[in-house]
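Next comes target-v1.cif, with mmCIF, C-alpha atoms and all ligand atoms; chains and numbers go by the auth columns.
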```cif
data_final
#
loop_
_atom_site.group_PDB
_atom_site.id
_atom_site.type_symbol
_atom_site.label_atom_id
_atom_site.label_comp_id
_atom_site.label_asym_id
_atom_site.label_seq_id
_atom_site.Cartn_x
_atom_site.Cartn_y
_atom_site.Cartn_z
_atom_site.B_iso_or_equiv
_atom_site.auth_seq_id
_atom_site.auth_asym_id
ATOM 1 C CA MET A 1 144.000 79.347 142.458 0.00 94 R
ATOM 2 C CA GLU A 2 144.986 79.996 138.928 0.00 95 R
ATOM 3 C CA ALA A 3 141.534 81.280 138.139 0.00 96 R
ATOM 4 C CA ILE A 4 141.694 83.814 140.964 0.00 97 R
ATOM 5 C CA GLU A 5 145.052 85.162 139.822 0.00 98 R
ATOM 6 C CA LEU A 6 143.696 85.552 136.334 0.00 99 R
ATOM 7 C CA ASP A 7 140.759 87.409 137.766 0.00 100 R
ATOM 8 C CA GLU A 8 142.990 89.821 139.654 0.00 101 R
ATOM 9 C CA THR A 9 145.095 90.514 136.609 0.00 102 R
ATOM 10 C CA PHE A 10 141.968 91.152 134.647 0.00 103 R
ATOM 11 C CA TRP A 11 140.574 93.640 137.133 0.00 104 R
ATOM 12 C CA ARG A 12 143.882 95.378 137.634 0.00 105 R
ATOM 13 C CA ARG A 13 144.213 95.844 133.903 0.00 106 R
ATOM 14 C CA ARG A 14 140.627 97.031 133.705 0.00 107 R
ATOM 15 C CA ALA A 15 141.269 99.615 136.434 0.00 108 R
ATOM 16 C CA GLU A 16 144.387 100.829 134.622 0.00 109 R
ATOM 17 C CA GLU A 17 142.414 101.164 131.419 0.00 110 R
ATOM 18 C CA LEU A 18 139.748 103.183 133.144 0.00 111 R
ATOM 19 C CA GLN A 19 142.322 105.435 134.779 0.00 112 R
ATOM 20 C CA HIS A 20 144.006 105.923 131.439 0.00 113 R
ATOM 21 C CA ALA A 21 140.699 106.822 129.807 0.00 114 R
ATOM 22 C CA LEU A 22 140.030 109.329 132.553 0.00 115 R
ATOM 23 C CA ASP A 23 143.482 110.951 132.279 0.00 116 R
ATOM 24 C CA SER A 24 142.986 111.046 128.563 0.00 117 R
ATOM 25 C CA ARG A 25 139.687 112.870 128.927 0.00 118 R
ATOM 26 C CA ILE A 26 141.169 115.388 131.321 0.00 119 R
ATOM 27 C CA VAL A 27 144.074 116.232 129.044 0.00 120 R
ATOM 28 C CA ILE A 28 141.707 116.560 126.092 0.00 121 R
ATOM 29 C CA GLU A 29 139.499 118.948 128.080 0.00 122 R
ATOM 30 C CA GLN A 30 142.568 120.988 129.011 0.00 123 R
ATOM 31 C CA ALA A 31 143.768 121.097 125.416 0.00 124 R
ATOM 32 C CA LYS A 32 140.334 122.233 124.230 0.00 125 R
ATOM 33 C CA GLY A 33 140.463 125.107 126.695 0.00 126 R
ATOM 34 C CA VAL A 34 143.993 126.091 125.712 0.00 127 R
ATOM 35 C CA LEU A 35 143.189 126.030 121.999 0.00 128 R
ATOM 36 C CA ALA A 36 139.925 127.907 122.451 0.00 129 R
ATOM 37 C CA GLU A 37 141.714 130.636 124.356 0.00 130 R
ATOM 38 C CA ARG A 38 144.727 130.756 122.077 0.00 131 R
ATOM 39 C CA LEU A 39 142.886 130.605 118.775 0.00 132 R
ATOM 40 C CA GLY A 40 139.784 132.503 119.761 0.00 133 R
ATOM 41 C CA LEU A 41 137.475 129.578 119.027 0.00 134 R
ATOM 42 C CA ASP A 42 134.591 128.281 121.051 0.00 135 R
ATOM 43 C CA ILE A 43 135.072 124.967 122.884 0.00 136 R
ATOM 44 C CA GLU A 44 133.345 122.952 120.190 0.00 137 R
ATOM 45 C CA GLY A 45 135.450 124.602 117.485 0.00 138 R
ATOM 46 C CA ALA A 46 138.596 123.875 119.477 0.00 139 R
ATOM 47 C CA PHE A 47 137.599 120.217 119.757 0.00 140 R
ATOM 48 C CA ASN A 48 137.004 120.014 116.007 0.00 141 R
ATOM 49 C CA VAL A 49 140.494 121.392 115.422 0.00 142 R
ATOM 50 C CA LEU A 50 142.076 118.952 117.875 0.00 143 R
ATOM 51 C CA ARG A 51 140.229 115.933 116.500 0.00 144 R
ATOM 52 C CA GLY A 52 140.644 116.912 112.860 0.00 145 R
ATOM 53 C CA ALA A 53 144.352 117.612 113.213 0.00 146 R
ATOM 54 C CA ALA A 54 144.992 114.328 115.020 0.00 147 R
ATOM 55 C CA ARG A 55 143.001 112.324 112.495 0.00 148 R
ATOM 56 C CA GLY A 56 144.704 114.004 109.538 0.00 149 R
ATOM 57 C CA GLU A 57 148.107 112.825 110.724 0.00 150 R
ATOM 58 C CA ARG A 58 147.024 109.524 112.249 0.00 151 R
ATOM 59 C CA MET A 59 147.844 110.653 115.738 0.00 152 R
ATOM 60 C CA LYS A 60 145.925 109.841 118.874 0.00 153 R
ATOM 61 C CA ALA A 61 143.850 112.837 120.004 0.00 154 R
ATOM 62 C CA HIS A 62 145.220 112.255 123.466 0.00 155 R
ATOM 63 C CA ASP A 63 148.865 112.556 122.325 0.00 156 R
ATOM 64 C CA LEU A 64 148.161 115.740 120.434 0.00 157 R
ATOM 65 C CA ALA A 65 146.235 117.109 123.416 0.00 158 R
ATOM 66 C CA SER A 66 149.265 116.441 125.659 0.00 159 R
ATOM 67 C CA ALA A 67 151.493 118.282 123.207 0.00 160 R
ATOM 68 C CA VAL A 68 149.112 121.253 123.264 0.00 161 R
ATOM 69 C CA VAL A 69 149.019 121.389 127.045 0.00 162 R
ATOM 70 C CA LYS A 70 152.744 120.859 127.597 0.00 163 R
ATOM 71 C CA ASN A 71 154.166 123.259 125.018 0.00 164 R
ATOM 72 C CA ARG A 72 153.906 126.997 124.864 0.00 165 R
ATOM 73 C CA ASP A 73 153.931 126.855 121.082 0.00 166 R
ATOM 74 C CA THR A 74 150.991 125.384 119.249 0.00 167 R
ATOM 75 C CA PRO A 75 152.047 122.009 117.749 0.00 168 R
ATOM 76 C CA GLN A 76 152.873 122.114 114.046 0.00 169 R
ATOM 77 C CA THR A 77 150.243 119.420 113.474 0.00 170 R
ATOM 78 C CA ILE A 78 147.572 121.901 114.484 0.00 171 R
ATOM 79 C CA VAL A 79 149.105 124.775 112.571 0.00 172 R
ATOM 80 C CA ARG A 80 149.148 122.609 109.422 0.00 173 R
ATOM 81 C CA PHE A 81 145.545 121.578 109.955 0.00 174 R
ATOM 82 C CA LEU A 82 144.418 125.185 110.368 0.00 175 R
ATOM 83 C CA ALA A 83 146.380 126.223 107.297 0.00 176 R
ATOM 84 C CA ARG A 84 144.449 123.615 105.306 0.00 177 R
ATOM 85 C CA ASN A 85 141.121 124.489 106.912 0.00 178 R
ATOM 86 C CA PRO A 86 141.122 128.260 107.317 0.00 179 R
ATOM 87 C CA HIS A 87 137.292 128.333 107.334 0.00 180 R
ATOM 88 C CA LEU A 88 137.414 126.994 110.898 0.00 181 R
ATOM 89 C CA PHE A 89 138.668 130.383 111.959 0.00 182 R
ATOM 90 C CA HIS A 90 135.499 132.031 110.751 0.00 183 R
ATOM 91 C CA VAL A 91 133.579 130.441 113.602 0.00 184 R
ATOM 92 C CA SER A 92 134.174 133.726 115.342 0.00 185 R
ATOM 93 C CA SER A 93 134.797 136.988 113.535 0.00 186 R
ATOM 94 C CA ARG A 94 138.176 138.630 113.662 0.00 187 R
ATOM 95 C CA ASP A 95 136.784 141.388 115.854 0.00 188 R
ATOM 96 C CA GLU A 96 135.492 138.870 118.377 0.00 189 R
ATOM 97 C CA ARG A 97 138.821 137.077 118.309 0.00 190 R
ATOM 98 C CA VAL A 98 140.703 140.279 118.978 0.00 191 R
ATOM 99 C CA ALA A 99 138.429 141.134 121.885 0.00 192 R
ATOM 100 C CA ARG A 100 138.781 137.657 123.347 0.00 193 R
ATOM 101 C CA THR A 101 142.568 137.732 123.023 0.00 194 R
ATOM 102 C CA GLU A 102 142.709 141.106 124.751 0.00 195 R
ATOM 103 C CA GLU A 103 140.486 139.845 127.545 0.00 196 R
ATOM 104 C CA PHE A 104 142.699 136.800 127.919 0.00 197 R
ATOM 105 C CA PHE A 105 145.910 138.840 128.293 0.00 198 R
ATOM 106 C CA LYS A 106 144.130 141.233 130.595 0.00 199 R
ATOM 107 C CA ARG A 107 143.245 138.310 132.842 0.00 200 R
ATOM 108 C CA VAL A 108 146.820 137.024 132.818 0.00 201 R
ATOM 109 C CA ASN A 109 148.143 140.486 133.655 0.00 202 R
ATOM 110 C CA ASP A 110 145.657 140.958 136.467 0.00 203 R
ATOM 111 C CA THR A 111 146.814 137.673 137.940 0.00 204 R
ATOM 112 C CA MET A 112 150.449 138.781 137.658 0.00 205 R
ATOM 113 C CA ARG A 113 149.523 142.138 139.183 0.00 206 R
ATOM 114 C CA ASN A 114 147.814 140.517 142.148 0.00 207 R
ATOM 115 C CA GLU A 115 150.917 138.476 142.828 0.00 208 R
ATOM 116 C CA LEU A 116 153.205 141.453 142.409 0.00 209 R
ATOM 117 C CA GLY A 117 151.246 143.706 144.739 0.00 210 R
ATOM 118 C CA ASP A 118 152.657 147.164 144.135 0.00 211 R
ATOM 119 C CA GLY A 119 155.447 148.639 142.070 0.00 212 R
ATOM 120 C CA ASP A 120 156.594 148.321 138.492 0.00 213 R
ATOM 121 C CA GLY A 121 156.190 145.075 136.669 0.00 214 R
ATOM 122 C CA ASN A 122 156.825 143.490 133.317 0.00 215 R
ATOM 123 C CA PHE A 123 153.405 142.657 131.948 0.00 216 R
ATOM 124 C CA LEU A 124 152.341 141.074 128.702 0.00 217 R
ATOM 125 C CA CYS A 125 151.271 143.200 125.792 0.00 218 R
ATOM 126 C CA GLU A 126 147.465 143.040 125.725 0.00 219 R
ATOM 127 C CA CYS A 127 147.123 143.542 121.996 0.00 220 R
ATOM 128 C CA GLY A 128 144.728 141.492 119.900 0.00 221 R
ATOM 129 C CA ASN A 129 147.470 139.497 118.185 0.00 222 R
ATOM 130 C CA ILE A 130 147.501 136.006 119.708 0.00 223 R
ATOM 131 C CA ALA A 131 151.091 135.487 118.587 0.00 224 R
ATOM 132 C CA CYS A 132 152.379 138.558 120.450 0.00 225 R
ATOM 133 C CA THR A 133 154.423 137.619 123.493 0.00 226 R
ATOM 134 C CA GLU A 134 156.149 140.962 124.036 0.00 227 R
ATOM 135 C CA LYS A 135 156.365 142.608 127.419 0.00 228 R
ATOM 136 C CA LEU A 136 155.644 146.079 128.581 0.00 229 R
ATOM 137 C CA ALA A 137 156.812 147.838 131.720 0.00 230 R
ATOM 138 C CA LEU A 138 153.944 149.252 133.685 0.00 231 R
ATOM 139 C CA ASN A 139 153.179 150.291 137.213 0.00 232 R
ATOM 140 C CA ALA A 140 150.850 147.812 138.927 0.00 233 R
ATOM 141 C CA GLU A 141 148.564 150.550 140.235 0.00 234 R
ATOM 142 C CA ASP A 142 148.346 152.196 136.807 0.00 235 R
ATOM 143 C CA LEU A 143 147.363 148.847 135.349 0.00 236 R
ATOM 144 C CA ARG A 144 144.721 148.333 138.004 0.00 237 R
ATOM 145 C CA LEU A 145 143.179 151.727 137.242 0.00 238 R
ATOM 146 C CA LEU A 146 143.351 151.088 133.537 0.00 239 R
ATOM 147 C CA HIS A 147 141.588 147.745 133.889 0.00 240 R
ATOM 148 C CA SER A 148 138.886 149.201 136.089 0.00 241 R
ATOM 149 C CA ILE A 149 137.443 150.713 132.909 0.00 242 R
ATOM 150 C CA GLU A 150 135.867 148.151 130.630 0.00 243 R
ATOM 151 C CA GLY A 151 137.365 147.831 127.177 0.00 244 R
ATOM 152 C CA TYR A 152 140.680 149.471 128.099 0.00 245 R
ATOM 153 C CA PHE A 153 143.913 147.645 127.430 0.00 246 R
ATOM 154 C CA ALA A 154 147.640 148.335 127.603 0.00 247 R
ATOM 155 C CA VAL A 155 149.569 147.485 124.445 0.00 248 R
ATOM 156 C CA LEU A 156 152.995 148.255 123.053 0.00 249 R
ATOM 157 C CA PRO A 157 153.086 151.394 120.895 0.00 250 R
ATOM 158 C CA GLY A 158 152.201 150.366 117.374 0.00 251 R
ATOM 159 C CA HIS A 159 150.313 147.215 118.431 0.00 252 R
ATOM 160 C CA GLN A 160 146.893 148.824 118.349 0.00 253 R
ATOM 161 C CA ILE A 161 144.421 147.790 115.647 0.00 254 R
ATOM 162 C CA PRO A 162 142.992 151.057 114.266 0.00 255 R
ATOM 163 C CA GLU A 163 139.853 149.475 112.741 0.00 256 R
ATOM 164 C CA ILE A 164 138.684 148.254 116.124 0.00 257 R
ATOM 165 C CA GLU A 165 140.497 150.320 118.725 0.00 258 R
ATOM 166 C CA THR A 166 140.828 153.962 119.637 0.00 259 R
ATOM 167 C CA LEU A 167 144.153 155.175 120.918 0.00 260 R
ATOM 168 C CA VAL A 168 143.476 156.824 124.254 0.00 261 R
ATOM 169 C CA LYS A 169 146.970 157.756 125.328 0.00 262 R
ATOM 170 C CA GLU A 170 150.517 156.857 124.459 0.00 263 R
ATOM 171 C CA ASN A 171 153.908 157.326 126.055 0.00 264 R
ATOM 172 C CA GLY A 172 157.216 155.838 125.016 0.00 265 R
ATOM 173 C CA ARG A 173 156.639 152.565 126.843 0.00 266 R
ATOM 174 C CA TYR A 174 153.030 151.674 126.184 0.00 267 R
ATOM 175 C CA ALA A 175 149.769 152.767 124.621 0.00 268 R
ATOM 176 C CA ILE A 176 146.332 152.676 126.172 0.00 269 R
ATOM 177 C CA VAL A 177 143.669 151.608 123.744 0.00 270 R
ATOM 178 C CA HIS A 178 139.909 151.314 123.946 0.00 271 R
ATOM 179 C CA ASN A 179 138.250 148.454 122.132 0.00 272 R
ATOM 180 C CA ASN A 180 135.155 149.849 120.406 0.00 273 R
ATOM 181 C CA MET A 181 133.475 146.485 120.165 0.00 274 R
ATOM 182 C CA GLY A 182 132.543 146.345 123.826 0.00 275 R
HETATM 183 ZN ZN ZN B . 151.375 143.120 121.221 0.00 301 W
#
```
Using structure tokens, write down the structure that the file contains.
Amino acid sequence: MEAIELDETFWRRRAEELQHALDSRIVIEQAKGVLAERLGLDIEGAFNVLRGAARGERMKAHDLASAVVKNRDTPQTIVRFLARNPHLFHVSSRDERVARTEEFFKRVNDTMRNELGDGDGNFLCECGNIACTEKLALNAEDLRLLHSIEGYFAVLPGHQIPEIETLVKENGRYAIVHNNMG
């Protein structure tokens, strides 16, 4: 009898461990995706950042991954790690990073636009600065037309990057830019 109970405890614990390992893997995958998108790295680069940052501060990769997924701001642990290892950013060039950031915000805005349907909305600035969280007021239909042309983005006036982008049109509320990399 005692042996059977022991057995059950063992298997229950084993199942919990496996579930935990699985959850852990999922959250790490999510964090890799978030970091890749946010920092303009590829998935492998994002994993190196996550693992390196966790190791550097004796944290579990899983705990850091949860912090990445749950918070809008990038954890200070990761910021510190990147500050000490700036070469990791050179995995992709600045121009590629800018283009990827623009594409990311464009995707977010298109999702918002689809939910909004028609009318004016507050969209996110689509500039190439990953830290920019400013909003711009734009008509949903105007945005749809704008996004139907590849390489066109809506940014706040002054947020364009002249080395990479051409200013197509500007009014008081927003500027339309064309990314020349595309
Ligand atoms: Zn901006």
| said: Between atom CA of Leu217 of chain R and atom ZN of ligand ZN 301 (chain W), what is the distance in Å, rounded to a tenth? | reply: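 Atom ZN of ligand ZN 301 (chain W) lies 7.8 Å from atom CA of Leu217 of chain R.
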| Can you tell me which residues sit at most 6 Å away from ligand ZN 301 (chain W), counting all atoms listed in the file, written as a PyMOL selection string? | chain R and resi 218-220+225+227+248-249+252
Selection file, C-alpha atoms, as an mmCIF file, in the coordinates of the input:
```
data_model
loop_
_atom_site.group_PDB
_atom_site.id
_atom_site.type_symbol
_atom_site.label_atom_id
_atom_site.label_comp_id
_atom_site.auth_asym_id
_atom_site.auth_seq_id
_atom_site.Cartn_x
_atom_site.Cartn_y
_atom_site.Cartn_z
ATOM 1 C CA CYS R 218 151.271 143.200 125.792
ATOM 2 C CA GLU R 219 147.465 143.040 125.725
ATOM 3 C CA CYS R 220 147.123 143.542 121.996
ATOM 4 C CA CYS R 225 152.379 138.558 120.450
ATOM 5 C CA GLU R 227 156.149 140.962 124.036
ATOM 6 C CA VAL R 248 149.569 147.485 124.445
ATOM 7 C CA LEU R 249 152.995 148.255 123.053
ATOM 8 C CA HIS R 252 150.313 147.215 118.431
#
```
| message | Just the number, please: distance in Å from atom CA of Glu189 of chain R to atom CA of Asn273 of chain R, one decimal. | response | 11.2 Å
Please tabulate, as JSON lines, the residues of segment 157-265 of chain R that come within 12 Å of segment 98-118 of chain R, each with its closest pair of atoms and the distance in Å to one decimal, counting only C-alpha atoms and ordering rows by chain, then residue number upward.
```
{"residue": "R:Leu157", "atom": "CA", "partner": "R:Ser117", "partner_atom": "CA", "distance": 10.7}
{"residue": "R:Ala158", "atom": "CA", "partner": "R:Ser117", "partner_atom": "CA", "distance": 8.6}
{"residue": "R:Ser159", "atom": "CA", "partner": "R:Ser117", "partner_atom": "CA", "distance": 8.8}
```
| query | Care to translate the PyMOL selection byres (((chain R and resi 251) around 12) and not hetatm) into actual residues of this file, as a list in words? | reply |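 For this structure, the PyMOL selection byres (((chain R and resi 251) around 12) and not hetatm) resolves to Cys218, Cys220, Gly221, Asn222, Ala247, Val248, Leu249, Pro250, His252, Gln253, Ile254, Pro255, Glu258, Leu260, Glu263, Asn264, Gly265, Arg266, Tyr267, Ala268, Ile269 and Val270 of chain R.
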Mind giving me the axis-aligned box for segment 187-199 of chain R with 3 Å on every side, centre plus edges in Å to one decimal, as lines of an AutoDock Vina configuration file?
```
center_x = 140.7
center_y = 139.1
center_z = 122.1
size_x = 16.4
size_y = 10.6
size_z = 22.9
```
| field | For Val161 of chain R: contacts at 9 Å, all atoms listed in the file, fewer than 2 positions along chain excluded, given as a VMD selection string | value | chain R and resid 123 to 125 127 to 128 156 to 159 163 to 168 171
| What is the atom CA of Thr170 of chain R to atom CA of Arg193 of chain R distance in Å? | 23.7 Å
| request: Convert the output of the PyMOL selection byres (((chain R and resi 149) around 12) and not hetatm) on the shown file into explicit residues, formatted as a PyMOL selection string. | output: chain R and resi 141-148+150-154+157+170-171+173-175+177-178
| request: Determine the residue set returned by the PyMOL selection byres (((chain R and resi 134) around 10) and not hetatm) for the present structure, and present it as a VMD selection string. | output: chain R and resid 125 to 133 135 to 140 142 181 to 186 189 to 190 193
| task | Go through R:Val120, R:Ala192, R:Thr204, R:Phe216 one by one, measure the shortest atom-to-atom distance of each to Lys228 of chain R using all atoms listed in the file, and give the residue with the smallest value. | result |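 Among the listed residues, the smallest separation from Lys228 of chain R belongs to R:Phe216.
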Would you kindly return, as a PDB file with C-alpha atoms, in the frame of the given file, each protein, DNA or RNA residue with an atom no farther than 12 Å from any atom of Ala233 of chain R, considering all atoms listed in the file and excluding same-chain residues fewer than 6 positions away?
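Just written: result-v7.pdb:
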```pdb
ATOM      1  CA  ASN R 202     148.143 140.486 133.655  1.00  0.00           C
ATOM      2  CA  ASP R 203     145.657 140.958 136.467  1.00  0.00           C
ATOM      3  CA  THR R 204     146.814 137.673 137.940  1.00  0.00           C
ATOM      4  CA  MET R 205     150.449 138.781 137.658  1.00  0.00           C
ATOM      5  CA  ARG R 206     149.523 142.138 139.183  1.00  0.00           C
ATOM      6  CA  ASN R 207     147.814 140.517 142.148  1.00  0.00           C
ATOM      7  CA  GLU R 208     150.917 138.476 142.828  1.00  0.00           C
ATOM      8  CA  LEU R 209     153.205 141.453 142.409  1.00  0.00           C
ATOM      9  CA  GLY R 210     151.246 143.706 144.739  1.00  0.00           C
ATOM     10  CA  ASP R 211     152.657 147.164 144.135  1.00  0.00           C
ATOM     11  CA  GLY R 212     155.447 148.639 142.070  1.00  0.00           C
ATOM     12  CA  ASP R 213     156.594 148.321 138.492  1.00  0.00           C
ATOM     13  CA  GLY R 214     156.190 145.075 136.669  1.00  0.00           C
ATOM     14  CA  ASN R 215     156.825 143.490 133.317  1.00  0.00           C
ATOM     15  CA  PHE R 216     153.405 142.657 131.948  1.00  0.00           C
ATOM     16  CA  LEU R 239     143.351 151.088 133.537  1.00  0.00           C
ATOM     17  CA  HIS R 240     141.588 147.745 133.889  1.00  0.00           C
ATOM     18  CA  ALA R 247     147.640 148.335 127.603  1.00  0.00           C
TER      19      ALA R 247
END
```
